[in-house]
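J.: This one is my_file.csv, CSV, C-alpha atoms.
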chain,number,residue,atom,x,y,z
M,1,MET,CA,9.1,-2.8,-1.9
M,2,ASP,CA,8.8,-0.7,1.2
M,3,THR,CA,12.4,0.0,2.2
M,4,LYS,CA,11.3,0.4,5.8
M,5,ARG,CA,10.5,-3.3,6.0
M,6,THR,CA,12.9,-5.1,8.3
M,7,ALA,CA,14.3,-8.6,8.2
M,8,ILE,CA,16.5,-10.6,10.5
M,9,VAL,CA,18.7,-13.4,9.1
M,10,THR,CA,20.5,-15.7,11.4
M,11,GLY,CA,23.7,-17.5,10.5
M,12,ALA,CA,24.4,-15.0,7.8
M,13,THR,CA,28.2,-15.4,7.6
M,14,GLY,CA,27.8,-18.9,6.1
M,15,ALA,CA,27.4,-19.6,2.4
M,16,ILE,CA,23.6,-19.8,2.2
M,17,GLY,CA,22.9,-17.3,5.0
M,18,LYS,CA,25.0,-14.6,3.4
M,19,ALA,CA,23.2,-15.1,0.1
M,20,ILE,CA,19.9,-14.9,1.8
M,21,ALA,CA,20.8,-11.7,3.6
M,22,ARG,CA,22.2,-10.2,0.4
M,23,GLN,CA,19.1,-11.0,-1.6
M,24,MET,CA,16.9,-9.6,1.1
M,25,ALA,CA,19.0,-6.4,1.0
M,26,ASP,CA,18.7,-6.3,-2.7
M,27,PHE,CA,14.9,-6.4,-2.4
M,28,GLY,CA,15.2,-3.2,-0.3
M,29,TYR,CA,14.7,-4.6,3.2
M,30,ASN,CA,16.5,-3.3,6.2
M,31,VAL,CA,18.6,-6.3,7.1
M,32,SER,CA,20.0,-7.3,10.5
M,33,ILE,CA,22.2,-10.3,10.6
M,34,PHE,CA,22.5,-12.3,13.8
M,35,VAL,CA,25.9,-14.0,14.0
M,36,ARG,CA,28.6,-15.0,16.5
M,37,ASN,CA,31.8,-13.8,14.9
M,38,GLU,CA,32.3,-10.0,14.8
M,39,MET,CA,35.1,-10.0,12.2
M,40,LYS,CA,33.0,-12.1,9.9
M,41,ALA,CA,30.0,-10.0,10.6
M,42,LYS,CA,31.7,-6.7,9.7
M,43,ASN,CA,33.1,-8.2,6.5
M,44,THR,CA,29.7,-9.6,5.6
M,45,VAL,CA,27.9,-6.3,6.2
M,46,ASP,CA,30.5,-4.4,4.2
M,47,GLU,CA,30.2,-6.9,1.3
M,48,ILE,CA,26.4,-6.8,1.2
M,49,ILE,CA,26.3,-3.0,1.3
M,50,THR,CA,28.9,-2.8,-1.5
M,51,THR,CA,27.2,-5.3,-3.6
M,52,THR,CA,23.6,-4.1,-3.2
M,53,GLY,CA,24.0,-0.4,-2.5
M,54,ASN,CA,21.6,-0.8,0.4
M,55,GLU,CA,23.2,0.8,3.4
M,56,ASN,CA,20.5,-0.4,5.8
M,57,VAL,CA,22.4,-3.5,6.8
M,58,GLU,CA,23.7,-4.1,10.3
M,59,TYR,CA,24.9,-7.0,12.5
M,60,VAL,CA,24.1,-8.2,16.0
M,61,ILE,CA,26.5,-10.4,17.8
M,62,VAL,CA,24.6,-13.2,19.5
M,63,ASP,CA,25.3,-16.9,20.3
M,64,LEU,CA,22.1,-18.5,19.0
M,65,SER,CA,22.7,-21.7,21.1
M,66,ARG,CA,22.1,-19.7,24.3
M,67,LYS,CA,18.8,-18.6,25.5
M,68,ASP,CA,20.1,-15.6,27.6
M,69,ALA,CA,22.1,-14.3,24.6
M,70,ILE,CA,19.0,-14.3,22.4
M,71,ARG,CA,16.9,-12.7,25.2
M,72,GLN,CA,19.5,-9.9,25.5
M,73,ALA,CA,19.6,-9.3,21.7
M,74,VAL,CA,15.8,-9.0,21.7
M,75,GLU,CA,15.9,-6.5,24.6
M,76,GLY,CA,18.1,-4.3,22.4
M,77,TRP,CA,15.6,-4.5,19.5
M,78,ASP,CA,13.5,-1.5,18.6
M,79,GLY,CA,10.5,-1.3,16.3
M,80,PRO,CA,8.5,-3.8,14.3
M,81,LEU,CA,9.9,-6.9,12.6
M,82,HIS,CA,8.5,-8.0,9.2
M,83,VAL,CA,10.6,-11.1,8.4
M,84,LEU,CA,12.5,-13.5,10.6
M,85,ILE,CA,14.7,-16.1,8.7
M,86,ASN,CA,16.0,-18.8,11.0
M,87,ASN,CA,19.0,-20.2,9.2
M,88,ALA,CA,21.9,-20.7,11.7
M,89,ALA,CA,23.0,-24.3,12.1
M,90,VAL,CA,26.0,-26.3,13.3
M,91,THR,CA,27.1,-29.8,12.7
M,92,PRO,CA,30.1,-30.6,15.0
M,93,ARG,CA,31.7,-33.9,14.3
M,94,ARG,CA,32.0,-34.7,18.0
M,95,ARG,CA,29.3,-34.2,20.6
M,96,GLU,CA,29.6,-30.7,22.1
M,97,GLU,CA,27.6,-28.9,24.8
M,98,THR,CA,26.8,-25.3,25.5
M,99,PRO,CA,28.0,-23.7,28.8
M,100,GLU,CA,24.4,-24.6,30.0
M,101,GLY,CA,25.1,-28.3,29.3
M,102,ILE,CA,22.8,-28.6,26.2
M,103,GLU,CA,24.0,-30.6,23.2
M,104,MET,CA,25.2,-28.1,20.6
M,105,GLN,CA,23.1,-29.2,17.5
M,106,PHE,CA,19.9,-29.3,19.5
M,107,ALA,CA,20.7,-26.0,21.2
M,108,THR,CA,21.5,-24.1,17.9
M,109,ASN,CA,19.5,-25.9,15.2
M,110,VAL,CA,16.3,-26.4,17.2
M,111,LEU,CA,16.2,-24.3,20.4
M,112,GLY,CA,17.8,-21.4,18.6
M,113,TYR,CA,14.9,-21.4,16.2
M,114,PHE,CA,12.4,-21.8,19.0
M,115,TRP,CA,13.8,-19.0,21.1
M,116,MET,CA,14.0,-16.6,18.2
M,117,MET,CA,10.4,-17.2,17.3
M,118,GLN,CA,9.3,-17.0,20.9
M,119,TYR,CA,11.1,-13.9,21.9
M,120,PHE,CA,10.5,-11.9,18.6
M,121,GLU,CA,6.8,-12.7,18.5
M,122,PRO,CA,5.8,-9.3,19.9
M,123,TYR,CA,7.8,-7.5,17.3
M,124,LEU,CA,6.5,-9.7,14.5
M,125,LYS,CA,3.0,-8.8,15.7
M,126,MET,CA,3.9,-5.2,15.4
M,127,GLY,CA,5.0,-5.8,11.8
M,128,ALA,CA,2.0,-8.0,10.8
M,129,PRO,CA,1.3,-9.3,8.3
M,130,SER,CA,4.8,-10.7,8.9
M,131,ARG,CA,6.6,-13.9,8.1
M,132,ILE,CA,8.9,-16.5,9.7
M,133,VAL,CA,10.9,-18.7,7.4
M,134,ASN,CA,12.6,-21.7,9.0
M,135,VAL,CA,15.5,-23.0,6.9
M,136,ALA,CA,15.1,-26.8,7.3
M,137,SER,CA,16.0,-29.6,5.0
M,138,TYR,CA,14.8,-32.6,3.0
M,139,TRP,CA,17.6,-34.4,4.9
M,140,ALA,CA,15.4,-34.9,7.9
M,141,GLY,CA,14.2,-37.8,10.1
M,142,ASP,CA,15.2,-40.2,12.9
M,143,LEU,CA,13.9,-37.9,15.6
M,144,ASP,CA,14.0,-39.6,19.0
M,145,ILE,CA,11.7,-37.6,21.2
M,146,GLY,CA,13.1,-39.3,24.3
M,147,ASP,CA,16.8,-38.5,23.5
M,148,LEU,CA,16.9,-35.1,21.7
M,149,GLU,CA,20.3,-34.3,23.1
M,150,CYS,CA,21.9,-37.7,22.2
M,151,ARG,CA,22.7,-38.5,25.8
M,152,ASN,CA,21.8,-42.2,25.6
M,153,SER,CA,23.1,-43.1,22.2
M,154,HIS,CA,26.2,-42.9,20.1
M,155,TYR,CA,26.7,-39.4,18.6
M,156,ASN,CA,26.6,-39.3,14.9
M,157,ASN,CA,26.5,-35.7,13.6
M,158,ASP,CA,24.6,-36.7,10.4
M,159,ARG,CA,21.9,-38.5,12.4
M,160,ILE,CA,21.6,-35.7,14.9
M,161,TYR,CA,21.5,-33.1,12.1
M,162,ARG,CA,18.6,-35.0,10.5
M,163,GLN,CA,16.8,-35.1,13.8
M,164,SER,CA,17.3,-31.3,14.2
M,165,LYS,CA,15.9,-30.6,10.8
M,166,GLN,CA,12.8,-32.8,11.4
M,167,ALA,CA,12.3,-30.8,14.6
M,168,ASP,CA,12.5,-27.5,12.7
M,169,ARG,CA,9.8,-28.7,10.3
M,170,MET,CA,7.6,-29.8,13.3
M,171,LEU,CA,8.1,-26.6,15.2
M,172,THR,CA,7.1,-24.7,12.0
M,173,VAL,CA,3.7,-26.3,12.3
M,174,ALA,CA,3.5,-25.7,16.0
M,175,PHE,CA,4.2,-22.0,15.8
M,176,ALA,CA,2.1,-21.5,12.7
M,177,GLY,CA,-1.0,-22.7,14.6
M,178,ARG,CA,-0.2,-20.4,17.5
M,179,MET,CA,0.7,-17.3,15.5
M,180,LYS,CA,-1.9,-17.3,12.7
M,181,LYS,CA,-4.3,-15.2,14.7
M,182,ASP,CA,-1.7,-12.5,15.0
M,183,GLY,CA,-1.0,-12.2,11.3
M,184,ILE,CA,2.3,-14.1,11.5
M,185,ALA,CA,2.9,-16.7,8.8
M,186,VAL,CA,5.4,-19.5,9.6
M,187,ASN,CA,6.8,-21.7,6.8
M,188,ALA,CA,9.8,-24.0,6.3
M,189,ALA,CA,12.0,-24.5,3.4
M,190,HIS,CA,14.8,-26.8,2.1
M,191,PRO,CA,17.5,-24.6,0.7
M,192,GLY,CA,19.6,-25.7,-2.2
M,193,ASP,CA,22.4,-28.1,-1.9
M,194,VAL,CA,25.4,-25.8,-1.4
M,195,ASN,CA,29.0,-26.7,-0.6
M,196,SER,CA,29.5,-25.2,2.8
M,197,ILE,CA,31.2,-25.8,6.2
M,198,LEU,CA,28.0,-27.4,7.4
M,199,SER,CA,27.7,-29.8,4.5
M,200,ASN,CA,31.4,-30.6,4.6
M,201,ASN,CA,31.1,-31.5,8.3
M,202,LEU,CA,28.4,-34.0,7.3
M,203,GLY,CA,30.7,-35.5,4.6
M,204,TYR,CA,28.9,-33.9,1.7
M,205,GLY,CA,29.8,-31.3,-1.0
M,206,GLY,CA,27.1,-29.5,-2.9
M,207,HIS,CA,26.3,-28.7,-6.5
M,208,GLU,CA,24.3,-25.5,-6.3
M,209,SER,CA,25.5,-21.9,-5.9
M,210,PRO,CA,24.8,-20.0,-2.7
M,211,ASP,CA,22.3,-17.8,-4.5
M,212,SER,CA,20.5,-20.8,-5.8
M,213,GLY,CA,20.5,-22.3,-2.3
M,214,ALA,CA,19.0,-19.1,-1.0
M,215,ASP,CA,16.3,-18.8,-3.6
M,216,THR,CA,13.4,-20.7,-1.9
M,217,PRO,CA,13.8,-19.2,1.6
M,218,VAL,CA,14.0,-15.7,0.1
M,219,TRP,CA,11.0,-16.4,-2.1
M,220,LEU,CA,9.0,-17.4,0.9
M,221,ALA,CA,10.1,-14.3,2.8
M,222,SER,CA,9.5,-11.7,0.1
M,223,SER,CA,7.0,-12.9,-2.5
M,224,ASP,CA,3.5,-11.5,-2.6
M,225,ASP,CA,2.2,-15.0,-3.3
M,226,PHE,CA,2.3,-16.1,0.3
M,227,GLU,CA,-0.1,-13.9,2.1
M,228,GLY,CA,-2.1,-16.1,4.5
M,229,ILE,CA,-0.2,-19.3,3.7
M,230,THR,CA,1.3,-20.8,6.9
M,231,GLY,CA,2.5,-24.1,8.4
M,232,LYS,CA,3.8,-25.4,5.1
M,233,TYR,CA,7.1,-26.9,3.9
M,234,PHE,CA,8.7,-26.1,0.5
M,235,GLU,CA,11.4,-27.5,-1.7
M,236,HIS,CA,12.6,-25.7,-4.9
M,237,ARG,CA,9.6,-23.3,-4.7
M,238,ASP,CA,7.2,-26.2,-4.5
M,239,GLU,CA,4.9,-26.9,-1.6
M,240,THR,CA,5.9,-30.4,-0.5
M,241,ASN,CA,4.0,-32.8,1.8
M,242,CYS,CA,5.7,-32.9,5.2
M,243,ARG,CA,4.9,-36.1,7.0
M,244,PHE,CA,6.5,-34.8,10.2
M,245,GLY,CA,3.9,-32.1,10.7
M,246,ARG,CA,1.0,-34.5,10.5
M,247,ASP,CA,1.6,-36.1,13.9
M,248,LYS,CA,0.0,-33.4,16.0
M,249,GLY,CA,0.6,-35.2,19.3
M,250,LEU,CA,4.4,-35.5,18.6
M,251,VAL,CA,4.5,-31.9,17.4
M,252,GLU,CA,3.0,-30.7,20.6
M,253,LYS,CA,5.2,-32.9,22.7
M,254,LEU,CA,8.3,-31.4,21.0
M,255,PHE,CA,7.0,-27.9,21.5
M,256,GLU,CA,6.5,-28.6,25.3
M,257,ILE,CA,10.0,-30.1,25.6
M,258,CYS,CA,11.5,-27.0,23.9
M,259,GLU,CA,9.4,-24.7,26.1
M,260,SER,CA,10.9,-26.4,29.2
M,261,TYR,CA,14.4,-25.3,28.4
Show how you would write the structure in this file as structure tokens.

T.:
Amino acid sequence: MDTKRTAIVTGATGAIGKAIARQMADFGYNVSIFVRNEMKAKNTVDEIITTTGNENVEYVIVDLSRKDAIRQAVEGWDGPLHVLINNAAVTPRRREETPEGIEMQFATNVLGYFWMMQYFEPYLKMGAPSRIVNVASYWAGDLDIGDLECRNSHYNNDRIYRQSKQADRMLTVAFAGRMKKDGIAVNAAHPGDVNSILSNNLGYGGHESPDSGADTPVWLASSDDFEGITGKYFEHRDETNCRFGRDKGLVEKLFEICESY
């Protein structure tokens, strides 16, 4: 593996995100974790460096629910990007909004992915052939294209999380079609079922280890088997039919709505 290859992992202080970042570092990538909490970021970077022996690990403090924060982080980026792993997600039990007035799950879990892909596209082109891996879920569905921010219905964090993960799978298809010509592959994956803050907020536990949960996203990001494969969805290293990506009209409608923010 070329040690000069660079990867960004968002939400890397959580259980699955940290395992993804550590495995990518173990494969020899220069790893940049995009996270909100500086103390957790420092501890995570130190832990990954100690565990892997790879000293090319750094953190960037950024609130992935806010467009301007992502834009500023991108402005500070230098050089090509070879892998972007969108993993950050939140599941607040009560409806919350960003300072811009956007519902928090939609802002972080959906728009955060959208803005990261959009703003890092020039750097991914520089690093082509490059890859984007969107950590989605098999726990997906119930998308209401007319009420993505849950303004007109009762807020249930499980339902809105399912909606956000459906949206991530749909945006994977939308960006894959747009980026293929530039040598950027975009795929989505269900991680393993890991006991985490996110799963606990949804009322679930988890029976898999963080490393097991990180396996499929890291496989998509690093394996030589995926050159030229794009717009697909995977579970447990298996390509899985994604019914959400087949509705091209709805996919494009979602893309247009996200682009309007």

J.: Which residue, M:Asn134, M:Asn152, M:Ser209, M:Thr10, has the smallest gap to Phe234 (chain M) when you use all atoms listed in the file?

T.: M:Asn134

J.: Would you work out the distance separating CA of Thr98 (chain M) from CA of Leu148 (chain M), expressed in Å to one decimal?

T.: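 Taking CA of Thr98 (chain M) as the start and CA of Leu148 (chain M) as the end point, the length is 14.4 Å.
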
J.: Just checking: using only C-alpha atoms, which residue out of M:Glu121, M:Glu235, M:Glu256, M:Glu75 ends up closest to Ala185 (chain M)?

T.: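 The shortest atom-to-atom distance to Ala185 (chain M) comes from M:Glu121.
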
J.: Pick out the residues sitting within 10 Å of Leu143 (chain M), and hand them over as a compact mmCIF listing (two decimals) with C-alpha atoms, keeping the file's coordinate frame; count only C-alpha atoms, and ignore anything fewer than 5 positions along from it in its own chain.

T.:
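Written file, out_8.txt:
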# COMPACT_ATOMS: atom_id res chain seq x y z
CA LEU M 148 16.90 -35.10 21.70
CA ARG M 159 21.90 -38.50 12.40
CA ILE M 160 21.60 -35.70 14.90
CA TYR M 161 21.50 -33.10 12.10
CA ARG M 162 18.60 -35.00 10.50
CA GLN M 163 16.80 -35.10 13.80
CA SER M 164 17.30 -31.30 14.20
CA LYS M 165 15.90 -30.60 10.80
CA GLN M 166 12.80 -32.80 11.40
CA ALA M 167 12.30 -30.80 14.60
CA PHE M 244 6.50 -34.80 10.20

J.: Which residues are near Ile16 (chain M)? Cut-off 12 Å, all atoms listed in the file, ignore same chain within fewer than 3 positions. Put them as a PyMOL selection string.

T.: chain M and resi 9-13+19-23+85-89+135+190-199+206+208-218

J.: Work out how far apart CA of Phe120 (chain M) and CA of Glu97 (chain M) are and give it in Å to one decimal.

T.: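 That distance, rounded to one decimal, is 24.9 Å.
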
J.: Restricting the calculation to all atoms listed in the file: of M:Thr172, M:Ser260, M:Gln72, M:Thr52, which residue gets closest to Ala136 (chain M)?

T.: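 Closest residue, counting all atoms listed in the file: M:Thr172.
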
J.: What does the structure give for the distance between CA of Gly79 (chain M) and CA of Leu171 (chain M), in Å to one decimal?

T.: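 Taking CA of Gly79 (chain M) and CA of Leu171 (chain M), their separation equals 25.4 Å.
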
J.: Given all atoms listed in the file as the basis, pick out the residue of M:Arg243, M:Lys18, M:Lys67, M:Lys125 nearest to Tyr138 (chain M).

T.: M:Arg243

J.: Skipping near chain neighbours, those fewer than 5 positions away, what residues fall within 12 Å of region 31-48 of chain M using all atoms listed in the file, listed as a VMD selection string?

T.: chain M and resid 3 to 15 17 to 26 53 to 66 69 to 70 73 to 74 77 to 78 81 to 89 108 112 116

J.: Considering all atoms listed in the file, state which residue in the set M:Tyr155, M:Phe27, M:Tyr113, M:Tyr233 is at the smallest distance from Arg93 (chain M).

T.: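 The answer is M:Tyr155, which sits nearest to Arg93 (chain M).
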
J.: Write out as a list in words each polymer residue whose atoms come within 7 Å of Pro80 (chain M), counting only C-alpha atoms; drop sequence neighbours fewer than 4 positions from it.

T.: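 Residues meeting the cut-off are Tyr123, Leu124, Met126 and Gly127 of chain M.
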
J.: Using all atoms listed in the file, find the one residue out of M:Leu111, M:Cys150, M:Met170, M:Val133 that sits nearest to Val186 (chain M).

T.: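 Going through M:Leu111, M:Cys150, M:Met170, M:Val133 one by one, the smallest distance to Val186 (chain M) is for M:Val133.
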
J.: Let me know the centre plus edge lengths, in Å and rounded to one decimal, of a box with edges along x, y and z that contains all listed atoms of region 26-45 of chain M and is padded by 4 Å on every side, as lines of an AutoDock Vina configuration file.

T.:
center_x = 24.9
center_y = -9.1
center_z = 6.9
size_x = 28.4
size_y = 19.8
size_z = 27.2

J.: Generate the coordinates of N, CA and C atoms for region 141-170 of chain M; report them as an mmCIF file, in the coordinates of the input.

T.:
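Output file rebuild.cif is given in full below:
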data_model
loop_
_atom_site.group_PDB
_atom_site.id
_atom_site.type_symbol
_atom_site.label_atom_id
_atom_site.label_comp_id
_atom_site.auth_asym_id
_atom_site.auth_seq_id
_atom_site.Cartn_x
_atom_site.Cartn_y
_atom_site.Cartn_z
ATOM 1 N N GLY M 141 14.792 -36.517 9.606
ATOM 2 C CA GLY M 141 14.200 -37.800 10.100
ATOM 3 C C GLY M 141 14.905 -38.274 11.314
ATOM 4 N N ASP M 142 14.548 -39.467 11.735
ATOM 5 C CA ASP M 142 15.200 -40.200 12.900
ATOM 6 C C ASP M 142 15.025 -39.481 14.195
ATOM 7 N N LEU M 143 14.013 -38.653 14.349
ATOM 8 C CA LEU M 143 13.900 -37.900 15.600
ATOM 9 C C LEU M 143 13.514 -38.920 16.740
ATOM 10 N N ASP M 144 14.284 -38.814 17.815
ATOM 11 C CA ASP M 144 14.000 -39.600 19.000
ATOM 12 C C ASP M 144 13.565 -38.638 20.097
ATOM 13 N N ILE M 145 12.267 -38.581 20.307
ATOM 14 C CA ILE M 145 11.700 -37.600 21.200
ATOM 15 C C ILE M 145 12.178 -37.811 22.652
ATOM 16 N N GLY M 146 12.641 -39.013 22.958
ATOM 17 C CA GLY M 146 13.100 -39.300 24.300
ATOM 18 C C GLY M 146 14.604 -39.036 24.492
ATOM 19 N N ASP M 147 15.311 -38.686 23.414
ATOM 20 C CA ASP M 147 16.800 -38.500 23.500
ATOM 21 C C ASP M 147 17.193 -37.401 22.524
ATOM 22 N N LEU M 148 16.595 -36.230 22.627
ATOM 23 C CA LEU M 148 16.900 -35.100 21.700
ATOM 24 C C LEU M 148 18.279 -34.611 21.774
ATOM 25 N N GLU M 149 18.937 -34.823 22.909
ATOM 26 C CA GLU M 149 20.300 -34.300 23.100
ATOM 27 C C GLU M 149 21.349 -35.429 22.906
ATOM 28 N N CYS M 150 20.920 -36.589 22.450
ATOM 29 C CA CYS M 150 21.900 -37.700 22.200
ATOM 30 C C CYS M 150 22.701 -38.009 23.431
ATOM 31 N N ARG M 151 22.019 -38.159 24.557
ATOM 32 C CA ARG M 151 22.700 -38.500 25.800
ATOM 33 C C ARG M 151 22.783 -40.033 25.991
ATOM 34 N N ASN M 152 21.881 -40.757 25.364
ATOM 35 C CA ASN M 152 21.800 -42.200 25.600
ATOM 36 C C ASN M 152 22.126 -43.031 24.389
ATOM 37 N N SER M 153 22.698 -42.401 23.379
ATOM 38 C CA SER M 153 23.100 -43.100 22.200
ATOM 39 C C SER M 153 24.373 -42.580 21.612
ATOM 40 N N HIS M 154 24.966 -43.341 20.712
ATOM 41 C CA HIS M 154 26.200 -42.900 20.100
ATOM 42 C C HIS M 154 25.965 -41.663 19.237
ATOM 43 N N TYR M 155 26.816 -40.664 19.390
ATOM 44 C CA TYR M 155 26.700 -39.400 18.600
ATOM 45 C C TYR M 155 27.167 -39.576 17.220
ATOM 46 N N ASN M 156 26.289 -39.329 16.284
ATOM 47 C CA ASN M 156 26.600 -39.300 14.900
ATOM 48 C C ASN M 156 26.093 -37.953 14.354
ATOM 49 N N ASN M 157 26.970 -37.073 13.891
ATOM 50 C CA ASN M 157 26.500 -35.700 13.600
ATOM 51 C C ASN M 157 25.495 -35.688 12.440
ATOM 52 N N ASP M 158 25.583 -36.632 11.522
ATOM 53 C CA ASP M 158 24.600 -36.700 10.400
ATOM 54 C C ASP M 158 23.227 -37.070 10.965
ATOM 55 N N ARG M 159 23.168 -38.073 11.826
ATOM 56 C CA ARG M 159 21.900 -38.500 12.400
ATOM 57 C C ARG M 159 21.270 -37.369 13.232
ATOM 58 N N ILE M 160 22.095 -36.709 14.042
ATOM 59 C CA ILE M 160 21.600 -35.700 14.900
ATOM 60 C C ILE M 160 21.170 -34.428 14.088
ATOM 61 N N TYR M 161 21.876 -34.183 12.998
ATOM 62 C CA TYR M 161 21.500 -33.100 12.100
ATOM 63 C C TYR M 161 20.086 -33.405 11.501
ATOM 64 N N ARG M 162 19.908 -34.640 11.017
ATOM 65 C CA ARG M 162 18.600 -35.000 10.500
ATOM 66 C C ARG M 162 17.506 -34.856 11.501
ATOM 67 N N GLN M 163 17.808 -35.241 12.724
ATOM 68 C CA GLN M 163 16.800 -35.100 13.800
ATOM 69 C C GLN M 163 16.482 -33.608 14.004
ATOM 70 N N SER M 164 17.500 -32.759 13.979
ATOM 71 C CA SER M 164 17.300 -31.300 14.200
ATOM 72 C C SER M 164 16.426 -30.710 13.104
ATOM 73 N N LYS M 165 16.634 -31.145 11.876
ATOM 74 C CA LYS M 165 15.900 -30.600 10.800
ATOM 75 C C LYS M 165 14.423 -31.094 10.770
ATOM 76 N N GLN M 166 14.215 -32.331 11.212
ATOM 77 C CA GLN M 166 12.800 -32.800 11.400
ATOM 78 C C GLN M 166 12.161 -31.942 12.472
ATOM 79 N N ALA M 167 12.886 -31.672 13.549
ATOM 80 C CA ALA M 167 12.300 -30.800 14.600
ATOM 81 C C ALA M 167 11.967 -29.458 14.119
ATOM 82 N N ASP M 168 12.803 -28.866 13.255
ATOM 83 C CA ASP M 168 12.500 -27.500 12.700
ATOM 84 C C ASP M 168 11.209 -27.556 11.896
ATOM 85 N N ARG M 169 11.006 -28.605 11.135
ATOM 86 C CA ARG M 169 9.800 -28.700 10.300
ATOM 87 C C ARG M 169 8.561 -28.898 11.243
ATOM 88 N N MET M 170 8.718 -29.632 12.323
ATOM 89 C CA MET M 170 7.600 -29.800 13.300
ATOM 90 C C MET M 170 7.304 -28.541 14.030
#
